[in-house]
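Heads up, data.cif below (mmCIF, C-alpha atoms and all ligand atoms):
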data_work
loop_
_atom_site.group_PDB
_atom_site.id
_atom_site.type_symbol
_atom_site.label_atom_id
_atom_site.label_comp_id
_atom_site.auth_asym_id
_atom_site.auth_seq_id
_atom_site.Cartn_x
_atom_site.Cartn_y
_atom_site.Cartn_z
ATOM 1 C CA MET A 11 0.000 0.000 0.000
ATOM 2 C CA ALA A 12 3.031 2.297 0.179
ATOM 3 C CA ASN A 13 4.008 4.790 -2.519
ATOM 4 C CA ILE A 14 0.899 6.898 -2.161
ATOM 5 C CA GLY A 15 1.086 10.504 -3.318
ATOM 6 C CA ILE A 16 -0.876 13.218 -1.553
ATOM 7 C CA VAL A 17 -2.269 16.341 -3.203
ATOM 8 C CA ILE A 18 -3.284 19.066 -0.760
ATOM 9 C CA PRO A 19 -5.319 21.836 -2.407
ATOM 10 C CA ALA A 20 -4.700 24.964 -0.315
ATOM 11 C CA ALA A 21 -5.163 27.681 -2.901
ATOM 12 C CA GLY A 22 -8.630 28.875 -1.928
ATOM 13 C CA GLN A 23 -9.484 32.395 -0.856
ATOM 14 C CA GLY A 24 -11.270 31.514 2.362
ATOM 15 C CA LYS A 25 -14.047 34.009 1.592
ATOM 16 C CA ARG A 26 -16.500 32.411 4.029
ATOM 17 C CA MET A 27 -13.919 32.629 6.813
ATOM 18 C CA GLY A 28 -13.514 36.327 6.171
ATOM 19 C CA ALA A 29 -10.008 36.517 7.646
ATOM 20 C CA GLY A 30 -8.781 38.711 4.794
ATOM 21 C CA TYR A 31 -6.111 36.148 3.918
ATOM 22 C CA ASN A 32 -5.873 32.417 3.213
ATOM 23 C CA LYS A 33 -7.649 30.732 6.162
ATOM 24 C CA GLN A 34 -5.106 27.915 6.109
ATOM 25 C CA PHE A 35 -2.564 30.231 7.725
ATOM 26 C CA LEU A 36 -4.885 30.907 10.687
ATOM 27 C CA MET A 37 -3.457 29.536 13.919
ATOM 28 C CA LEU A 38 -4.989 26.430 15.435
ATOM 29 C CA MET A 39 -3.378 25.343 18.717
ATOM 30 C CA GLU A 40 -0.233 27.386 18.018
ATOM 31 C CA LYS A 41 0.242 26.079 14.470
ATOM 32 C CA PRO A 42 -1.196 27.144 11.104
ATOM 33 C CA ILE A 43 -4.152 24.996 10.020
ATOM 34 C CA LEU A 44 -2.167 23.822 6.996
ATOM 35 C CA ALA A 45 0.673 22.553 9.208
ATOM 36 C CA HIS A 46 -1.734 20.197 11.016
ATOM 37 C CA THR A 47 -2.990 18.849 7.692
ATOM 38 C CA VAL A 48 0.451 18.226 6.218
ATOM 39 C CA ARG A 49 1.838 16.732 9.479
ATOM 40 C CA LEU A 50 -0.569 13.809 9.322
ATOM 41 C CA PHE A 51 0.672 12.694 5.902
ATOM 42 C CA GLU A 52 4.295 13.385 6.794
ATOM 43 C CA GLU A 53 3.874 10.892 9.635
ATOM 44 C CA SER A 54 2.175 8.152 7.622
ATOM 45 C CA ASP A 55 4.445 5.298 6.522
ATOM 46 C CA PHE A 56 2.199 4.704 3.516
ATOM 47 C CA VAL A 57 2.842 8.148 2.034
ATOM 48 C CA SER A 58 5.926 8.724 -0.055
ATOM 49 C CA GLU A 59 5.277 12.154 -1.535
ATOM 50 C CA ILE A 60 3.204 15.261 -0.813
ATOM 51 C CA VAL A 61 2.370 18.151 -3.138
ATOM 52 C CA ILE A 62 0.873 21.326 -1.672
ATOM 53 C CA VAL A 63 -1.041 23.623 -4.007
ATOM 54 C CA GLY A 64 -1.183 27.275 -3.040
ATOM 55 C CA ALA A 65 -2.264 30.604 -4.451
ATOM 56 C CA GLU A 66 0.508 32.373 -6.355
ATOM 57 C CA GLY A 67 1.031 34.950 -3.608
ATOM 58 C CA ASP A 68 1.243 32.275 -0.889
ATOM 59 C CA ILE A 69 3.909 30.032 -2.409
ATOM 60 C CA SER A 70 6.868 31.492 -0.524
ATOM 61 C CA VAL A 71 4.976 31.388 2.818
ATOM 62 C CA ILE A 72 4.051 27.744 2.216
ATOM 63 C CA LYS A 73 7.674 26.922 1.352
ATOM 64 C CA GLU A 74 8.781 28.556 4.617
ATOM 65 C CA LEU A 75 6.198 26.521 6.514
ATOM 66 C CA VAL A 76 7.500 23.327 4.869
ATOM 67 C CA TYR A 77 11.053 24.271 5.849
ATOM 68 C CA TYR A 78 10.376 25.244 9.459
ATOM 69 C CA GLN A 79 8.000 22.338 10.127
ATOM 70 C CA GLU A 80 10.587 19.961 8.583
ATOM 71 C CA PHE A 81 8.171 18.344 6.152
ATOM 72 C CA HIS A 82 10.612 16.123 4.258
ATOM 73 C CA LYS A 83 8.001 14.419 2.078
ATOM 74 C CA VAL A 84 6.852 17.634 0.392
ATOM 75 C CA ALA A 85 8.200 17.224 -3.134
ATOM 76 C CA ALA A 86 6.616 20.360 -4.599
ATOM 77 C CA VAL A 87 4.646 23.468 -3.742
ATOM 78 C CA CYS A 88 2.827 24.492 -6.890
ATOM 79 C CA ILE A 89 0.492 27.265 -7.986
ATOM 80 C CA GLY A 90 -3.234 26.521 -7.987
ATOM 81 C CA GLY A 91 -6.065 27.791 -10.127
ATOM 82 C CA VAL A 92 -9.303 29.725 -9.848
ATOM 83 C CA LEU A 93 -11.346 26.622 -9.016
ATOM 84 C CA ARG A 94 -10.479 23.875 -6.542
ATOM 85 C CA GLN A 95 -10.589 21.493 -9.482
ATOM 86 C CA ASP A 96 -7.852 23.463 -11.283
ATOM 87 C CA SER A 97 -5.721 23.392 -8.153
ATOM 88 C CA VAL A 98 -6.022 19.625 -7.762
ATOM 89 C CA ARG A 99 -5.155 19.133 -11.418
ATOM 90 C CA ALA A 100 -2.004 21.218 -11.006
ATOM 91 C CA GLY A 101 -1.070 19.197 -7.927
ATOM 92 C CA VAL A 102 -1.533 15.876 -9.695
ATOM 93 C CA ARG A 103 0.719 17.061 -12.516
ATOM 94 C CA ALA A 104 3.454 17.905 -10.024
ATOM 95 C CA LEU A 105 3.591 14.388 -8.517
ATOM 96 C CA SER A 106 6.433 12.099 -9.591
ATOM 97 C CA PRO A 107 5.534 9.743 -12.445
ATOM 98 C CA THR A 108 6.198 6.768 -10.141
ATOM 99 C CA ILE A 109 3.149 7.650 -8.032
ATOM 100 C CA GLN A 110 0.195 5.586 -9.247
ATOM 101 C CA ARG A 111 -2.208 5.990 -6.322
ATOM 102 C CA ILE A 112 -3.279 9.487 -5.281
ATOM 103 C CA VAL A 113 -5.046 10.833 -2.219
ATOM 104 C CA VAL A 114 -6.569 14.307 -2.429
ATOM 105 C CA HIS A 115 -7.149 15.991 0.928
ATOM 106 C CA ASP A 116 -8.285 19.571 1.575
ATOM 107 C CA GLY A 117 -5.711 21.755 3.284
ATOM 108 C CA ALA A 118 -8.653 23.047 5.310
ATOM 109 C CA ARG A 119 -9.394 19.656 6.943
ATOM 110 C CA PRO A 120 -6.827 19.545 9.745
ATOM 111 C CA LEU A 121 -8.655 17.130 12.062
ATOM 112 C CA LEU A 122 -8.258 13.846 10.206
ATOM 113 C CA THR A 123 -6.399 11.346 12.400
ATOM 114 C CA LEU A 124 -3.653 8.928 11.363
ATOM 115 C CA GLN A 125 -5.792 6.056 12.597
ATOM 116 C CA ALA A 126 -8.771 7.122 10.456
ATOM 117 C CA PHE A 127 -6.532 7.704 7.443
ATOM 118 C CA HIS A 128 -4.972 4.242 7.710
ATOM 119 C CA LYS A 129 -8.393 2.642 8.171
ATOM 120 C CA PHE A 130 -9.508 4.510 5.035
ATOM 121 C CA LEU A 131 -6.495 3.183 3.069
ATOM 122 C CA GLU A 132 -7.234 -0.353 4.220
ATOM 123 C CA GLU A 133 -10.936 -0.169 3.375
ATOM 124 C CA THR A 134 -10.376 1.361 -0.053
ATOM 125 C CA ARG A 135 -7.469 -0.732 -1.315
ATOM 126 C CA GLU A 136 -9.662 -2.714 -3.748
ATOM 127 C CA TYR A 137 -11.266 0.351 -5.341
ATOM 128 C CA SER A 138 -9.944 2.513 -8.144
ATOM 129 C CA ALA A 139 -11.881 5.460 -6.674
ATOM 130 C CA ALA A 140 -13.161 5.874 -3.137
ATOM 131 C CA ILE A 141 -14.047 8.657 -0.751
ATOM 132 C CA MET A 142 -14.794 9.332 2.892
ATOM 133 C CA GLY A 143 -18.215 10.531 3.918
ATOM 134 C CA VAL A 144 -20.502 10.683 6.916
ATOM 135 C CA PRO A 145 -24.228 10.141 7.366
ATOM 136 C CA ILE A 146 -26.319 13.314 7.312
ATOM 137 C CA LYS A 147 -27.619 14.171 10.786
ATOM 138 C CA ASP A 148 -30.338 16.624 9.774
ATOM 139 C CA THR A 149 -33.493 16.086 7.774
ATOM 140 C CA VAL A 150 -32.720 17.351 4.278
ATOM 141 C CA LYS A 151 -35.317 19.246 2.214
ATOM 142 C CA ARG A 152 -35.235 20.259 -1.410
ATOM 143 C CA VAL A 153 -36.608 23.752 -1.997
ATOM 144 C CA ASP A 154 -37.486 25.836 -5.025
ATOM 145 C CA ILE A 155 -36.015 29.258 -5.794
ATOM 146 C CA ALA A 156 -38.582 30.942 -3.513
ATOM 147 C CA GLY A 157 -37.735 28.666 -0.580
ATOM 148 C CA LYS A 158 -40.893 26.568 -0.882
ATOM 149 C CA VAL A 159 -40.209 23.015 0.273
ATOM 150 C CA LEU A 160 -40.524 20.548 -2.583
ATOM 151 C CA ASP A 161 -39.786 17.305 -0.755
ATOM 152 C CA THR A 162 -37.758 15.534 1.906
ATOM 153 C CA LEU A 163 -34.875 13.365 0.762
ATOM 154 C CA PRO A 164 -34.494 9.817 2.154
ATOM 155 C CA ARG A 165 -31.670 10.352 4.642
ATOM 156 C CA ASP A 166 -30.573 6.719 4.808
ATOM 157 C CA TYR A 167 -28.951 7.099 1.423
ATOM 158 C CA LEU A 168 -27.379 10.509 1.915
ATOM 159 C CA ARG A 169 -23.767 11.126 2.888
ATOM 160 C CA ALA A 170 -21.824 14.347 3.364
ATOM 161 C CA ALA A 171 -18.706 13.889 1.233
ATOM 162 C CA GLN A 172 -15.353 14.629 2.828
ATOM 163 C CA THR A 173 -11.752 14.257 1.884
ATOM 164 C CA PRO A 174 -9.548 12.173 1.805
ATOM 165 C CA GLN A 175 -10.528 10.868 -1.617
ATOM 166 C CA ILE A 176 -8.335 8.194 -3.206
ATOM 167 C CA PHE A 177 -7.899 7.370 -6.888
ATOM 168 C CA ASP A 178 -5.823 5.381 -9.311
ATOM 169 C CA ARG A 179 -3.771 8.066 -10.995
ATOM 170 C CA GLU A 180 -4.801 7.147 -14.535
ATOM 171 C CA ILE A 181 -8.512 7.509 -13.743
ATOM 172 C CA LEU A 182 -8.138 10.756 -11.827
ATOM 173 C CA GLU A 183 -6.068 12.291 -14.632
ATOM 174 C CA GLU A 184 -8.561 11.194 -17.240
ATOM 175 C CA ALA A 185 -11.488 12.635 -15.258
ATOM 176 C CA HIS A 186 -9.746 15.985 -14.834
ATOM 177 C CA GLN A 187 -8.730 16.074 -18.476
ATOM 178 C CA GLN A 188 -12.249 15.275 -19.729
ATOM 179 C CA ALA A 189 -13.890 17.733 -17.327
ATOM 180 C CA ALA A 190 -11.496 20.505 -18.354
ATOM 181 C CA SER A 191 -12.078 19.846 -22.037
ATOM 182 C CA VAL A 192 -15.828 20.526 -21.747
ATOM 183 C CA GLY A 193 -15.751 22.945 -18.812
ATOM 184 C CA TYR A 194 -17.494 20.577 -16.389
ATOM 185 C CA TYR A 195 -17.085 21.608 -12.757
ATOM 186 C CA GLY A 196 -17.576 19.549 -9.621
ATOM 187 C CA THR A 197 -17.029 20.602 -6.016
ATOM 188 C CA ASP A 198 -15.000 17.472 -5.324
ATOM 189 C CA ASP A 199 -12.853 15.137 -7.422
ATOM 190 C CA ALA A 200 -15.158 12.148 -7.051
ATOM 191 C CA SER A 201 -17.932 14.059 -8.802
ATOM 192 C CA LEU A 202 -15.806 14.228 -11.956
ATOM 193 C CA LEU A 203 -15.578 10.425 -11.998
ATOM 194 C CA GLU A 204 -19.325 10.121 -11.301
ATOM 195 C CA TRP A 205 -19.947 12.421 -14.259
ATOM 196 C CA MET A 206 -17.740 10.166 -16.415
ATOM 197 C CA GLY A 207 -19.721 7.129 -15.273
ATOM 198 C CA HIS A 208 -16.885 5.645 -13.228
ATOM 199 C CA PRO A 209 -17.885 3.914 -9.961
ATOM 200 C CA VAL A 210 -16.889 5.606 -6.704
ATOM 201 C CA GLN A 211 -17.014 3.789 -3.367
ATOM 202 C CA MET A 212 -18.110 5.618 -0.223
ATOM 203 C CA VAL A 213 -16.611 4.551 3.090
ATOM 204 C CA GLU A 214 -17.524 5.772 6.566
ATOM 205 C CA GLY A 215 -15.578 8.866 7.553
ATOM 206 C CA MET A 216 -15.341 10.716 10.848
ATOM 207 C CA GLN A 217 -17.731 13.463 11.956
ATOM 208 C CA GLU A 218 -14.782 15.337 13.454
ATOM 209 C CA ASN A 219 -13.071 15.588 10.049
ATOM 210 C CA ILE A 220 -14.666 18.975 9.413
ATOM 211 C CA LYS A 221 -13.633 21.450 6.746
ATOM 212 C CA VAL A 222 -12.682 24.691 8.477
ATOM 213 C CA THR A 223 -14.894 26.998 6.437
ATOM 214 C CA THR A 224 -16.378 29.647 8.769
ATOM 215 C CA PRO A 225 -15.178 31.181 12.092
ATOM 216 C CA GLU A 226 -17.384 28.768 14.102
ATOM 217 C CA ASP A 227 -15.497 25.843 12.531
ATOM 218 C CA LEU A 228 -12.222 27.211 13.853
ATOM 219 C CA LEU A 229 -13.633 27.317 17.394
ATOM 220 C CA LEU A 230 -14.954 23.786 17.011
ATOM 221 C CA ALA A 231 -11.590 22.578 15.677
ATOM 222 C CA GLU A 232 -9.852 24.093 18.706
ATOM 223 C CA ARG A 233 -12.239 22.338 21.073
ATOM 224 C CA ILE A 234 -11.768 18.996 19.355
ATOM 225 C CA LEU A 235 -7.965 19.266 19.427
ATOM 226 C CA THR A 236 -8.024 20.346 23.084
ATOM 227 C CA GLN A 237 -10.025 17.245 23.966
ATOM 228 C CA ARG A 238 -7.574 15.034 22.061
ATOM 229 C CA ARG A 239 -4.606 16.279 24.098
HETATM 230 N N1 LIG B 301 -9.227 27.542 -6.267
HETATM 231 C C1 LIG B 301 -9.164 26.805 -5.170
HETATM 232 C C2 LIG B 301 -10.261 26.747 -4.264
HETATM 233 C C3 LIG B 301 -10.145 25.964 -3.119
HETATM 234 N N2 LIG B 301 -8.991 25.298 -2.885
HETATM 235 C C4 LIG B 301 -8.839 24.507 -1.662
HETATM 236 O O1 LIG B 301 -9.854 23.520 -1.579
HETATM 237 C C5 LIG B 301 -10.178 23.258 -0.217
HETATM 238 C C6 LIG B 301 -11.684 23.292 0.007
HETATM 239 O O2 LIG B 301 -12.184 24.558 -0.318
HETATM 240 P P1 LIG B 301 -12.940 25.558 0.658
HETATM 241 O O3 LIG B 301 -12.916 25.139 2.054
HETATM 242 O O4 LIG B 301 -14.208 25.873 0.041
HETATM 243 O O5 LIG B 301 -11.905 26.765 0.650
HETATM 244 P P2 LIG B 301 -12.010 28.174 0.002
HETATM 245 O O6 LIG B 301 -12.284 28.057 -1.455
HETATM 246 O O7 LIG B 301 -10.754 28.850 0.423
HETATM 247 O O8 LIG B 301 -13.259 28.803 0.780
HETATM 248 P P3 LIG B 301 -14.301 29.901 0.288
HETATM 249 O O9 LIG B 301 -15.209 29.210 -0.685
HETATM 250 O O10 LIG B 301 -14.983 30.311 1.547
HETATM 251 O O11 LIG B 301 -13.528 31.020 -0.350
HETATM 252 C C7 LIG B 301 -9.432 24.283 0.625
HETATM 253 O O12 LIG B 301 -8.356 23.640 1.259
HETATM 254 C C8 LIG B 301 -9.016 25.320 -0.387
HETATM 255 O O13 LIG B 301 -7.816 26.005 -0.081
HETATM 256 C C9 LIG B 301 -7.940 25.341 -3.794
HETATM 257 O O14 LIG B 301 -6.907 24.713 -3.580
HETATM 258 N N3 LIG B 301 -8.055 26.113 -4.919
HETATM 259 C C1 LIG B 302 -14.051 18.440 -1.433
HETATM 260 C C2 LIG B 302 -14.986 18.802 -0.342
HETATM 261 O O1 LIG B 302 -14.292 19.157 0.827
HETATM 262 C C3 LIG B 302 -15.852 17.626 -0.001
HETATM 263 O O2 LIG B 302 -16.734 17.974 1.004
HETATM 264 C C4 LIG B 302 -15.863 19.959 -0.715
HETATM 265 O O3 LIG B 302 -16.706 19.566 -1.760
HETATM 266 C C5 LIG B 302 -15.157 21.214 -1.037
HETATM 267 O O4 LIG B 302 -16.182 22.139 -1.276
HETATM 268 P P1 LIG B 302 -16.127 23.667 -1.455
HETATM 269 O O5 LIG B 302 -17.237 23.922 -2.410
HETATM 270 O O6 LIG B 302 -14.783 23.978 -2.021
HETATM 271 O O7 LIG B 302 -16.401 24.243 -0.130
#

Turn the structure described in the file into structure tokens.
Ligand SMILES: Nc1ccn([C@@H]2O[C@H](COP(=O)(O)OP(=O)(O)OP(=O)(O)O)[C@@H](O)[C@H]2O)c(=O)n1
Ligand SMILES: C[C@](O)(CO)[C@H](O)COP(=O)(O)O
Amino acid sequence: MANIGIVIPAAGQGKRMGAGYNKQFLMLMEKPILAHTVRLFEESDFVSEIVIVGAEGDISVIKELVYYQEFHKVAAVCIGGVLRQDSVRAGVRALSPTIQRIVVHDGARPLLTLQAFHKFLEETREYSAAIMGVPIKDTVKRVDIAGKVLDTLPRDYLRAAQTPQIFDREILEEAHQQAASVGYYGTDDASLLEWMGHPVQMVEGMQENIKVTTPEDLLLAERILTQRR
């Protein structure tokens, strides 16, 4: 299972966080959010290479972070694109050709644990494409443009998709290439494969593996990490 390459998209603008700069540099328990995310993969024996994708103006800061945190597996820090999808594609391109199995994990998901990641690798080893997700806790309604409720979706078959998402390199590259050629956009990488008609396996994730998106998420992340200490 070794020789896995990690792509960490971290080139977003963090608009919903409203910090005025990339939210992944916000401090979480005395370290930038991004440092927590990268540390996990640095410590995994199954990971041989990490690529971090940043906004053009953040590249030198990310390189400094890599240096000071002593992240030896980071093979490249490359420039992302306007959409998350563009950033992931750039990251995949920057991985060594020897890497044939790729995990994509949001820079903004710093709470994944090594144990959960290794369980994920074990459970997904037979699949060419697989993702983490968690059952939806709320009742989910579809509404029209005016907010009128149309119906209630059967919750048993709904999952909130997370990262990590794992793919055979060939399939992920093909999905990104095809999507780019027609301008198809998906909010995660798995959706590009779904669009192509390629099967994607869902495995149980962890509720704590939140994406730090708004200020409340940062507070929650701090509480979770405090409890883990
Ligand atoms: N063009 C983009 C957009 C997003 N991301 C990354 O994709 C992950 C998930 O995106 P999200 O949490 O939505 O981050 P932002 O796009 O930064 O948030 P917002 O939509 O609030 O601006 C983040 O790690 C983000 O940095 C990226 O690498 N390149
Ligand atoms: C990839 C992802 O984190 C899965 O939940 C999510 O889709 C990213 O979404 P966003 O639209 O960039 O917030």

Got a sec: who's within 8 Å of Glu218 of chain A, counting all atoms listed in the file, leaving out chain neighbours fewer than 4 positions off, as a ChimeraX atom specification? /A:121-122,234

Test item: the PyMOL selection byres (((chain A and resi 114) around 9) and not hetatm) resolved as a ChimeraX atom specification: /A:15-19,98,102,112-113,115-116,173-177,199

List as a PyMOL selection string the protein and nucleic acid residues lying within 8 Å of ligand LIG 301 (chain B), with only C-alpha atoms and all ligand atoms counted. chain A and resi 18-28+32-34+63-65+90-98+115-119+221-224

Go through the chains and note each residue within 6 Å of ligand LIG 302 (chain B), using all atoms listed in the file, then give the set as a ChimeraX atom specification. /A:171-173,197-198

Expand the PyMOL selection byres (((chain A and resi 139-153) around 6) and not hetatm) into the individual residues it matches in the shown file, reporting them as a list in words. Tyr137, Ser138, Asp154, Gly157, Lys158, Val159, Leu160, Asp161, Thr162, Leu163, Arg169, Ala170, Ala171, Gln172, Thr173, Gln175, Ile176, Phe177, Val210, Gln211, Met212, Val213, Glu214 and Gly215 of chain A

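Remark: for Asp227 of chain A, the closest of the candidate residues A:His46, A:Val57, A:Ala185, A:Pro120 is A:Pro120 (distances computed over only C-alpha atoms).
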
Which residues would end up in the selection if the PyMOL selection byres (((chain A and resi 203) around 9) and not hetatm) were applied here, given that I need the answer as a ChimeraX atom specification? /A:139,181-182,184-186,199-202,204-210

What is the distance between atom CA of Val84 of chain A and atom CA of Ile60 of chain A, in Å to one decimal?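 Going from atom CA of Val84 of chain A over to atom CA of Ile60 of chain A, I get 4.5 Å.
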
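Take atom CA of Val76 of chain A and atom CA of Leu36 of chain A: the distance between them is 15.6 Å.
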
Given the block above, output segment 217-226 of chain A with all heavy atoms as a PDB file, in the first residue's frame.
ATOM      1  N   GLN A 217     -17.004  12.200  11.817  1.00  0.00           N
ATOM      2  CA  GLN A 217     -17.731  13.463  11.956  1.00  0.00           C
ATOM      3  C   GLN A 217     -16.776  14.602  12.298  1.00  0.00           C
ATOM      4  O   GLN A 217     -16.983  15.738  11.915  1.00  0.00           O
ATOM      5  CB  GLN A 217     -18.841  13.345  13.019  1.00  0.00           C
ATOM      6  CG  GLN A 217     -19.988  12.408  12.653  1.00  0.00           C
ATOM      7  CD  GLN A 217     -20.975  12.991  11.638  1.00  0.00           C
ATOM      8  OE1 GLN A 217     -20.864  14.148  11.214  1.00  0.00           O
ATOM      9  NE2 GLN A 217     -21.931  12.169  11.200  1.00  0.00           N
ATOM     10  N   GLU A 218     -15.712  14.278  13.029  1.00  0.00           N
ATOM     11  CA  GLU A 218     -14.782  15.337  13.454  1.00  0.00           C
ATOM     12  C   GLU A 218     -13.910  15.869  12.302  1.00  0.00           C
ATOM     13  O   GLU A 218     -13.268  16.902  12.446  1.00  0.00           O
ATOM     14  CB  GLU A 218     -13.850  14.800  14.548  1.00  0.00           C
ATOM     15  CG  GLU A 218     -14.527  14.659  15.886  1.00  0.00           C
ATOM     16  CD  GLU A 218     -13.543  14.274  16.987  1.00  0.00           C
ATOM     17  OE1 GLU A 218     -12.361  14.031  16.685  1.00  0.00           O
ATOM     18  OE2 GLU A 218     -13.979  14.229  18.146  1.00  0.00           O
ATOM     19  N   ASN A 219     -13.921  15.181  11.185  1.00  0.00           N
ATOM     20  CA  ASN A 219     -13.071  15.588  10.049  1.00  0.00           C
ATOM     21  C   ASN A 219     -13.722  16.759   9.297  1.00  0.00           C
ATOM     22  O   ASN A 219     -14.016  16.684   8.111  1.00  0.00           O
ATOM     23  CB  ASN A 219     -12.870  14.373   9.142  1.00  0.00           C
ATOM     24  CG  ASN A 219     -12.032  14.680   7.911  1.00  0.00           C
ATOM     25  OD1 ASN A 219     -11.202  15.599   7.910  1.00  0.00           O
ATOM     26  ND2 ASN A 219     -12.256  13.920   6.838  1.00  0.00           N
ATOM     27  N   ILE A 220     -13.958  17.840  10.020  1.00  0.00           N
ATOM     28  CA  ILE A 220     -14.666  18.975   9.413  1.00  0.00           C
ATOM     29  C   ILE A 220     -13.749  19.777   8.496  1.00  0.00           C
ATOM     30  O   ILE A 220     -12.524  19.751   8.642  1.00  0.00           O
ATOM     31  CB  ILE A 220     -15.243  19.928  10.504  1.00  0.00           C
ATOM     32  CG1 ILE A 220     -14.112  20.463  11.409  1.00  0.00           C
ATOM     33  CG2 ILE A 220     -16.332  19.256  11.300  1.00  0.00           C
ATOM     34  CD1 ILE A 220     -14.539  21.641  12.273  1.00  0.00           C
ATOM     35  N   LYS A 221     -14.366  20.481   7.566  1.00  0.00           N
ATOM     36  CA  LYS A 221     -13.633  21.450   6.746  1.00  0.00           C
ATOM     37  C   LYS A 221     -13.761  22.788   7.465  1.00  0.00           C
ATOM     38  O   LYS A 221     -14.872  23.238   7.732  1.00  0.00           O
ATOM     39  CB  LYS A 221     -14.229  21.517   5.340  1.00  0.00           C
ATOM     40  CG  LYS A 221     -13.489  22.470   4.426  1.00  0.00           C
ATOM     41  CD  LYS A 221     -13.700  22.110   2.967  1.00  0.00           C
ATOM     42  CE  LYS A 221     -15.112  22.395   2.503  1.00  0.00           C
ATOM     43  NZ  LYS A 221     -15.464  23.828   2.516  1.00  0.00           N
ATOM     44  N   VAL A 222     -12.641  23.395   7.784  1.00  0.00           N
ATOM     45  CA  VAL A 222     -12.682  24.691   8.477  1.00  0.00           C
ATOM     46  C   VAL A 222     -13.064  25.743   7.428  1.00  0.00           C
ATOM     47  O   VAL A 222     -12.257  26.120   6.575  1.00  0.00           O
ATOM     48  CB  VAL A 222     -11.330  25.008   9.153  1.00  0.00           C
ATOM     49  CG1 VAL A 222     -11.390  26.366   9.840  1.00  0.00           C
ATOM     50  CG2 VAL A 222     -10.978  23.921  10.164  1.00  0.00           C
ATOM     51  N   THR A 223     -14.327  26.137   7.482  1.00  0.00           N
ATOM     52  CA  THR A 223     -14.894  26.998   6.437  1.00  0.00           C
ATOM     53  C   THR A 223     -15.290  28.372   6.980  1.00  0.00           C
ATOM     54  O   THR A 223     -15.043  29.393   6.346  1.00  0.00           O
ATOM     55  CB  THR A 223     -16.142  26.307   5.813  1.00  0.00           C
ATOM     56  OG1 THR A 223     -15.776  24.991   5.397  1.00  0.00           O
ATOM     57  CG2 THR A 223     -16.658  27.076   4.610  1.00  0.00           C
ATOM     58  N   THR A 224     -15.915  28.388   8.167  1.00  0.00           N
ATOM     59  CA  THR A 224     -16.378  29.647   8.769  1.00  0.00           C
ATOM     60  C   THR A 224     -15.737  29.800  10.161  1.00  0.00           C
ATOM     61  O   THR A 224     -15.193  28.822  10.698  1.00  0.00           O
ATOM     62  CB  THR A 224     -17.919  29.631   8.905  1.00  0.00           C
ATOM     63  OG1 THR A 224     -18.281  28.496   9.699  1.00  0.00           O
ATOM     64  CG2 THR A 224     -18.612  29.535   7.561  1.00  0.00           C
ATOM     65  N   PRO A 225     -15.813  30.985  10.779  1.00  0.00           N
ATOM     66  CA  PRO A 225     -15.178  31.181  12.092  1.00  0.00           C
ATOM     67  C   PRO A 225     -15.639  30.171  13.155  1.00  0.00           C
ATOM     68  O   PRO A 225     -14.845  29.744  13.989  1.00  0.00           O
ATOM     69  CB  PRO A 225     -15.583  32.618  12.453  1.00  0.00           C
ATOM     70  CG  PRO A 225     -15.751  33.300  11.141  1.00  0.00           C
ATOM     71  CD  PRO A 225     -16.320  32.269  10.223  1.00  0.00           C
ATOM     72  N   GLU A 226     -16.907  29.750  13.107  1.00  0.00           N
ATOM     73  CA  GLU A 226     -17.384  28.768  14.102  1.00  0.00           C
ATOM     74  C   GLU A 226     -16.622  27.457  13.974  1.00  0.00           C
ATOM     75  O   GLU A 226     -16.363  26.766  14.961  1.00  0.00           O
ATOM     76  CB  GLU A 226     -18.885  28.446  13.918  1.00  0.00           C
ATOM     77  CG  GLU A 226     -19.836  29.614  13.913  1.00  0.00           C
ATOM     78  CD  GLU A 226     -19.841  30.350  12.578  1.00  0.00           C
ATOM     79  OE1 GLU A 226     -20.178  29.773  11.549  1.00  0.00           O
ATOM     80  OE2 GLU A 226     -19.477  31.532  12.608  1.00  0.00           O
TER      81      GLU A 226
END
